[in-house]
Amino acid sequence: MNKPLVGAFLAALLLGAGAAPVAAAAPAPQTQEAAPKADPAAKAVTFAGTVALSNCSGSVVRSPDAAPTDPALVLSNGHCMESGFPGPGEVVVDQPSSRTFTLLNASGSGVGTLKASKIAYGTMTDTDLSLYELTSTYQQIEDSYGIRALELETAHPTAGTAITVASGYWKRTYSCDIDGFVHQLKEGRWTWKDSVRYTPECQTIGGTSGSPVIDDATGKVVAVNNTGNESGQECTDNNPCEVDENGEVTVREGINYAQQTYNMVPCIGAGSTIDLTREGCALPKP
């Protein structure tokens with residue numbers, strides 16, 4: 001994982017300690033049609049709507065059907081939850097939480113504090129995500145701070161898409177493209193499916209966990225940043241490996257990854273309720 005950071009004294013810590021690297025394989029062929037280049041008129045990605053957690057990054061997100069009066073949701077990683085890393089097969093639903101988040105404006109300045117009422121959903125099985133329900137509605141946040149939630153994309157992203165990883169923790173962005181998709185990404189005890197692999201330019205670090213991955217052309221969230229292979233080890237903590245449909249393992253030292261978010265949109269019902277029984281919802285269930 002892009003490890004969550006604990007306390008200010010770790011603010012300069014990057015990922016892990018060096019170990020003897022193994023040779024990284026060449027990038028896998030892209031199997032999906034390349035996306036069109038971003039519209040030159042598209043607005044530049046900013047920090048507006050991102051949040052800083054005590055140990056990670058995140059963002060205020062909304063589904064396309066969300067009502068202004070719905071409680072707002074904050075997206076981050078499952079491994080960023082204050083309750084600790086959920087084990088393989090563990091799914092957290094409707095767990096009370098009073099966690100706070102610093103809301104950022106376009107320039108990355110903190111403009112207010114948002115508070116959770118619960119962890120609506122969290123897991124590290126098949127994906128690595130958490131959704132916090134806030135005590136504020138989308139309309140209240142917009143009225144108070146002039147900031148709109150980031151919209152979740154509803155379709156599978158495409159290889160070649162220009163993206164920006166926006167870290168509220170570091171107030172730093174990383175720009176690159178989607179290099180491709182990973183059948184299974186294994187790290188220690190956890191396995192994630194259909195993960196996004198970045199091109200090498202996105203050198204995300206500890207504290208960027210939970211950052212929204214934003215399509216530069218649309219401004220919509222297509223994934224949530226979560227991990228990278230830091231020292232070339234195979235399938236160990238902080239050194240995920242790729243496993244293809246035939247079971248072949250590939251290690252890509254220095255390459256970073258994210259988990260797609262389009263697949264959680266069908267699980268968000270009226271009032272920001274996470275309903276795992278809704279049609280099209282394929283998130284792991286407790």
# chains A, B, ... in the order shown; residues from 1 in each chain; ligands from 1
call {"tool": "residues_around", "arguments": {"residues": "Ala44 in chain A", "least_positions_apart": "3", "cutoff": "12 Å", "atoms": "only C-alpha atoms", "output": "list in words"}}
result
Ala38, Asp39, Pro40, Ala41, Phe47, Ala48, Ala106, Ser107, Ala162, Ile163, Thr164, Ala166, Thr173, Ser175, Ile214, Asp215, Asp216, Ala217, Thr218, Gly219 and Lys220 of chain A
call {"tool": "write_last_selection", "arguments": {"atoms": "all heavy atoms", "output": "short mmCIF file (atom, residue, chain, number, x, y, z; two decimals), in the first residue's frame"}}
result
data_model
loop_
_atom_site.label_atom_id
_atom_site.label_comp_id
_atom_site.auth_asym_id
_atom_site.auth_seq_id
_atom_site.Cartn_x
_atom_site.Cartn_y
_atom_site.Cartn_z
N ALA A 38 -7.14 14.38 -24.31
CA ALA A 38 -7.99 15.30 -23.56
C ALA A 38 -8.28 16.54 -24.40
O ALA A 38 -7.45 17.01 -25.18
CB ALA A 38 -7.29 15.70 -22.27
N ASP A 39 -9.48 17.05 -24.21
CA ASP A 39 -9.90 18.28 -24.87
C ASP A 39 -9.03 19.43 -24.35
O ASP A 39 -8.95 19.65 -23.14
CB ASP A 39 -11.37 18.52 -24.53
CG ASP A 39 -11.92 19.77 -25.20
OD1 ASP A 39 -11.14 20.54 -25.76
OD2 ASP A 39 -13.15 19.97 -25.12
N PRO A 40 -8.36 20.18 -25.24
CA PRO A 40 -7.52 21.29 -24.78
C PRO A 40 -8.31 22.31 -23.96
O PRO A 40 -7.74 23.04 -23.16
CB PRO A 40 -7.01 21.91 -26.09
CG PRO A 40 -7.13 20.82 -27.10
CD PRO A 40 -8.33 20.02 -26.69
N ALA A 41 -9.62 22.35 -24.14
CA ALA A 41 -10.44 23.32 -23.42
C ALA A 41 -10.85 22.81 -22.03
O ALA A 41 -11.45 23.54 -21.25
CB ALA A 41 -11.70 23.65 -24.22
N PHE A 47 -7.37 20.97 -6.55
CA PHE A 47 -7.60 20.26 -5.29
C PHE A 47 -9.02 20.42 -4.77
O PHE A 47 -9.37 19.84 -3.74
CB PHE A 47 -6.63 20.77 -4.22
CG PHE A 47 -5.19 20.45 -4.51
CD1 PHE A 47 -4.33 21.40 -5.01
CD2 PHE A 47 -4.69 19.17 -4.27
CE1 PHE A 47 -3.01 21.11 -5.27
CE2 PHE A 47 -3.37 18.86 -4.53
CZ PHE A 47 -2.52 19.83 -5.03
N ALA A 48 -9.84 21.21 -5.45
CA ALA A 48 -11.20 21.47 -4.96
C ALA A 48 -11.96 20.16 -4.78
O ALA A 48 -12.08 19.37 -5.71
CB ALA A 48 -11.94 22.39 -5.92
N ALA A 106 -9.48 24.93 -4.42
CA ALA A 106 -8.77 24.66 -5.67
C ALA A 106 -7.26 24.79 -5.54
O ALA A 106 -6.49 24.05 -6.16
CB ALA A 106 -9.28 25.59 -6.77
N SER A 107 -6.79 25.73 -4.70
CA SER A 107 -5.36 25.96 -4.55
C SER A 107 -4.71 25.05 -3.52
O SER A 107 -3.49 25.07 -3.34
CB SER A 107 -5.09 27.42 -4.17
OG SER A 107 -5.66 27.70 -2.91
N ALA A 162 -5.49 10.24 -19.95
CA ALA A 162 -4.67 11.14 -19.14
C ALA A 162 -5.36 11.36 -17.80
O ALA A 162 -6.54 11.71 -17.75
CB ALA A 162 -4.46 12.46 -19.86
N ILE A 163 -4.62 11.17 -16.70
CA ILE A 163 -5.19 11.24 -15.37
C ILE A 163 -4.33 12.10 -14.45
O ILE A 163 -3.14 12.33 -14.71
CB ILE A 163 -5.35 9.85 -14.74
CG1 ILE A 163 -4.01 9.10 -14.76
CG2 ILE A 163 -6.44 9.05 -15.44
CD1 ILE A 163 -4.01 7.78 -14.00
N THR A 164 -4.95 12.54 -13.36
CA THR A 164 -4.24 13.25 -12.30
C THR A 164 -4.61 12.62 -10.96
O THR A 164 -5.80 12.43 -10.68
CB THR A 164 -4.58 14.74 -12.28
OG1 THR A 164 -4.16 15.33 -13.51
CG2 THR A 164 -3.88 15.45 -11.13
N ALA A 166 -4.69 13.41 -7.19
CA ALA A 166 -4.68 14.64 -6.39
C ALA A 166 -4.66 14.29 -4.91
O ALA A 166 -5.68 13.84 -4.36
CB ALA A 166 -5.89 15.50 -6.72
N THR A 173 -0.09 17.03 -6.75
CA THR A 173 -0.71 16.24 -7.81
C THR A 173 0.35 15.46 -8.59
O THR A 173 1.52 15.86 -8.66
CB THR A 173 -1.51 17.12 -8.79
OG1 THR A 173 -0.63 18.07 -9.39
CG2 THR A 173 -2.65 17.84 -8.07
N SER A 175 0.68 13.55 -12.43
CA SER A 175 0.04 13.43 -13.75
C SER A 175 0.71 12.35 -14.57
O SER A 175 1.94 12.28 -14.66
CB SER A 175 0.11 14.78 -14.49
OG SER A 175 -0.63 15.76 -13.80
N ILE A 214 -8.34 11.27 -11.21
CA ILE A 214 -9.29 12.10 -11.95
C ILE A 214 -8.96 12.08 -13.44
O ILE A 214 -7.81 12.27 -13.84
CB ILE A 214 -9.26 13.55 -11.42
CG1 ILE A 214 -9.64 13.54 -9.92
CG2 ILE A 214 -10.21 14.44 -12.20
CD1 ILE A 214 -9.40 14.87 -9.24
N ASP A 215 -9.97 11.82 -14.25
CA ASP A 215 -9.84 11.89 -15.71
C ASP A 215 -9.65 13.36 -16.09
O ASP A 215 -10.51 14.20 -15.83
CB ASP A 215 -11.10 11.32 -16.35
CG ASP A 215 -11.04 11.25 -17.87
OD1 ASP A 215 -10.51 12.19 -18.50
OD2 ASP A 215 -11.57 10.27 -18.44
N ASP A 216 -8.52 13.68 -16.72
CA ASP A 216 -8.22 15.07 -17.04
C ASP A 216 -9.25 15.69 -17.98
O ASP A 216 -9.52 16.90 -17.92
CB ASP A 216 -6.83 15.18 -17.68
CG ASP A 216 -5.70 14.92 -16.71
OD1 ASP A 216 -5.98 14.81 -15.49
OD2 ASP A 216 -4.54 14.83 -17.15
N ALA A 217 -9.83 14.88 -18.86
CA ALA A 217 -10.76 15.41 -19.86
C ALA A 217 -12.13 15.69 -19.28
O ALA A 217 -12.79 16.66 -19.67
CB ALA A 217 -10.88 14.43 -21.03
N THR A 218 -12.58 14.86 -18.34
CA THR A 218 -13.94 14.99 -17.82
C THR A 218 -14.02 15.57 -16.41
O THR A 218 -15.08 16.05 -16.01
CB THR A 218 -14.64 13.62 -17.80
OG1 THR A 218 -13.98 12.77 -16.84
CG2 THR A 218 -14.60 12.95 -19.17
N GLY A 219 -12.93 15.50 -15.68
CA GLY A 219 -12.93 15.94 -14.30
C GLY A 219 -13.60 14.96 -13.35
O GLY A 219 -13.79 15.26 -12.17
N LYS A 220 -13.95 13.77 -13.83
CA LYS A 220 -14.62 12.77 -13.00
C LYS A 220 -13.62 11.80 -12.37
O LYS A 220 -12.54 11.56 -12.92
CB LYS A 220 -15.65 12.00 -13.83
CG LYS A 220 -16.79 12.88 -14.35
CD LYS A 220 -17.80 12.06 -15.15
CE LYS A 220 -18.93 12.94 -15.68
NZ LYS A 220 -19.93 12.15 -16.45
#
call {"tool": "residues_around", "arguments": {"residues": "Asp179 in chain A", "least_positions_apart": "3", "cutoff": "6 Å", "atoms": "only C-alpha atoms", "output": "PyMOL selection string"}}
result
chain A and resi 159+197-199
call {"tool": "select_by_dssp", "arguments": {"residues": "range 187-216 of chain A", "states": "strand (DSSP E)", "output": "PyMOL selection string"}}
result
chain A and resi 187+190-198+212-215
call {"tool": "residues_around", "arguments": {"residues": "range 117-122 of chain A", "least_positions_apart": "5", "cutoff": "7 Å", "atoms": "only C-alpha atoms", "output": "PyMOL selection string"}}
result
chain A and resi 78+91-98+129-135+274
call {"tool": "residues_around", "arguments": {"residues": "Gly168 in chain A", "least_positions_apart": "5", "cutoff": "12 Å", "atoms": "only C-alpha atoms", "output": "NGL selection string"}}
result
:A and (46-60 or 75-76 or 101-110 or 173-174 or 207-213 or 225)
call {"tool": "residues_around", "arguments": {"residues": "Asn263 in chain A", "least_positions_apart": "4", "cutoff": "12 Å", "atoms": "only C-alpha atoms", "output": "list in words"}}
result
Ser63, Asp126, Thr127, Leu129, Leu152, Glu153, Thr154, Ala155, His156, Pro157, Lys193, Asp194, Ser195, Val221, Val222, Ala223, Val224, Gln259, Cys267, Ile268, Leu276, Arg278, Glu279, Gly280, Cys281, Ala282, Leu283 and Pro284 of chain A
call {"tool": "atom_distance", "arguments": {"atom1": "CA of Cys202 in chain A", "atom2": "CA of Ile255 in chain A"}}
result
8.0 Å
call {"tool": "closest_residue", "arguments": {"among": "A:Pro68, A:Ile205, A:Thr161, A:Arg189", "to": "Gln139 in chain A", "atoms": "only C-alpha atoms"}}
result
A:Pro68
call {"tool": "select_by_dssp", "arguments": {"residues": "range 56-256 of chain A", "states": "helix (DSSP H, G or I)", "output": "PyMOL selection string"}}
result
chain A and resi 78-80+138-145
call {"tool": "write_last_selection", "arguments": {"atoms": "all heavy atoms", "output": "short mmCIF file (atom, residue, chain, number, x, y, z; two decimals), in the first residue's frame"}}
result
data_model
loop_
_atom_site.label_atom_id
_atom_site.label_comp_id
_atom_site.auth_asym_id
_atom_site.auth_seq_id
_atom_site.Cartn_x
_atom_site.Cartn_y
_atom_site.Cartn_z
N GLY A 78 -9.65 1.46 1.89
CA GLY A 78 -9.97 0.60 3.02
C GLY A 78 -8.84 0.55 4.03
O GLY A 78 -9.06 0.50 5.24
N HIS A 79 -7.60 0.62 3.53
CA HIS A 79 -6.47 0.54 4.47
C HIS A 79 -6.21 1.85 5.19
O HIS A 79 -5.30 1.92 6.02
CB HIS A 79 -5.21 0.02 3.75
CG HIS A 79 -4.47 0.99 2.91
ND1 HIS A 79 -4.58 1.04 1.53
CD2 HIS A 79 -3.57 1.94 3.23
CE1 HIS A 79 -3.78 1.97 1.05
NE2 HIS A 79 -3.16 2.54 2.06
N CYS A 80 -7.01 2.88 4.90
CA CYS A 80 -6.89 4.15 5.61
C CYS A 80 -7.89 4.29 6.75
O CYS A 80 -7.88 5.30 7.47
CB CYS A 80 -7.10 5.32 4.63
SG CYS A 80 -5.77 5.50 3.42
N TYR A 138 -24.45 17.59 0.54
CA TYR A 138 -23.72 18.22 -0.57
C TYR A 138 -24.05 19.71 -0.66
O TYR A 138 -23.16 20.54 -0.88
CB TYR A 138 -24.07 17.51 -1.88
CG TYR A 138 -23.58 16.09 -1.96
CD1 TYR A 138 -24.47 15.01 -1.97
CD2 TYR A 138 -22.22 15.82 -2.02
CE1 TYR A 138 -24.02 13.71 -2.04
CE2 TYR A 138 -21.76 14.51 -2.09
CZ TYR A 138 -22.67 13.46 -2.10
OH TYR A 138 -22.20 12.16 -2.16
N GLN A 139 -25.31 20.05 -0.48
CA GLN A 139 -25.72 21.44 -0.58
C GLN A 139 -25.11 22.28 0.54
O GLN A 139 -24.67 23.42 0.31
CB GLN A 139 -27.23 21.56 -0.54
CG GLN A 139 -27.75 22.96 -0.90
CD GLN A 139 -27.43 23.33 -2.32
OE1 GLN A 139 -27.87 22.65 -3.26
NE2 GLN A 139 -26.65 24.39 -2.53
N GLN A 140 -25.05 21.74 1.73
CA GLN A 140 -24.46 22.48 2.85
C GLN A 140 -22.98 22.75 2.62
O GLN A 140 -22.48 23.84 2.93
CB GLN A 140 -24.67 21.70 4.15
CG GLN A 140 -26.10 21.73 4.65
CD GLN A 140 -26.35 20.78 5.80
OE1 GLN A 140 -25.66 19.75 5.94
NE2 GLN A 140 -27.32 21.09 6.65
N ILE A 141 -22.28 21.78 2.06
CA ILE A 141 -20.85 21.98 1.77
C ILE A 141 -20.67 23.05 0.70
O ILE A 141 -19.81 23.93 0.81
CB ILE A 141 -20.20 20.65 1.35
CG1 ILE A 141 -20.18 19.68 2.53
CG2 ILE A 141 -18.79 20.87 0.81
CD1 ILE A 141 -19.73 18.28 2.19
N GLU A 142 -21.51 22.98 -0.33
CA GLU A 142 -21.40 23.98 -1.40
C GLU A 142 -21.76 25.37 -0.90
O GLU A 142 -21.09 26.37 -1.23
CB GLU A 142 -22.28 23.58 -2.58
CG GLU A 142 -22.09 24.48 -3.79
CD GLU A 142 -22.78 23.95 -5.03
OE1 GLU A 142 -23.35 22.83 -4.98
OE2 GLU A 142 -22.77 24.67 -6.06
N ASP A 143 -22.81 25.47 -0.09
CA ASP A 143 -23.21 26.78 0.44
C ASP A 143 -22.16 27.36 1.38
O ASP A 143 -21.93 28.58 1.38
CB ASP A 143 -24.55 26.66 1.19
CG ASP A 143 -25.72 26.40 0.27
OD1 ASP A 143 -25.57 26.59 -0.96
OD2 ASP A 143 -26.80 26.00 0.78
N SER A 144 -21.54 26.51 2.18
CA SER A 144 -20.57 26.99 3.17
C SER A 144 -19.20 27.30 2.57
O SER A 144 -18.54 28.26 2.99
CB SER A 144 -20.40 25.95 4.28
OG SER A 144 -21.60 25.74 4.98
N TYR A 145 -18.79 26.52 1.59
CA TYR A 145 -17.41 26.63 1.10
C TYR A 145 -17.30 26.89 -0.40
O TYR A 145 -16.19 27.10 -0.90
CB TYR A 145 -16.63 25.35 1.44
CG TYR A 145 -16.73 24.97 2.89
CD1 TYR A 145 -17.45 23.85 3.30
CD2 TYR A 145 -16.11 25.74 3.88
CE1 TYR A 145 -17.55 23.48 4.63
CE2 TYR A 145 -16.20 25.40 5.22
CZ TYR A 145 -16.92 24.27 5.59
OH TYR A 145 -17.02 23.92 6.92
#
call {"tool": "atom_distance", "arguments": {"atom1": "CA of Pro88 in chain A", "atom2": "CA of Asp275 in chain A"}}
result
20.9 Å
call {"tool": "atom_distance", "arguments": {"atom1": "CA of Gly232 in chain A", "atom2": "CA of Pro4 in chain A"}}
result
20.2 Å
call {"tool": "closest_residue", "arguments": {"among": "A:Glu230, A:Glu248, A:Glu90, A:Glu253", "to": "Trp190 in chain A", "atoms": "only C-alpha atoms"}}
result
A:Glu90
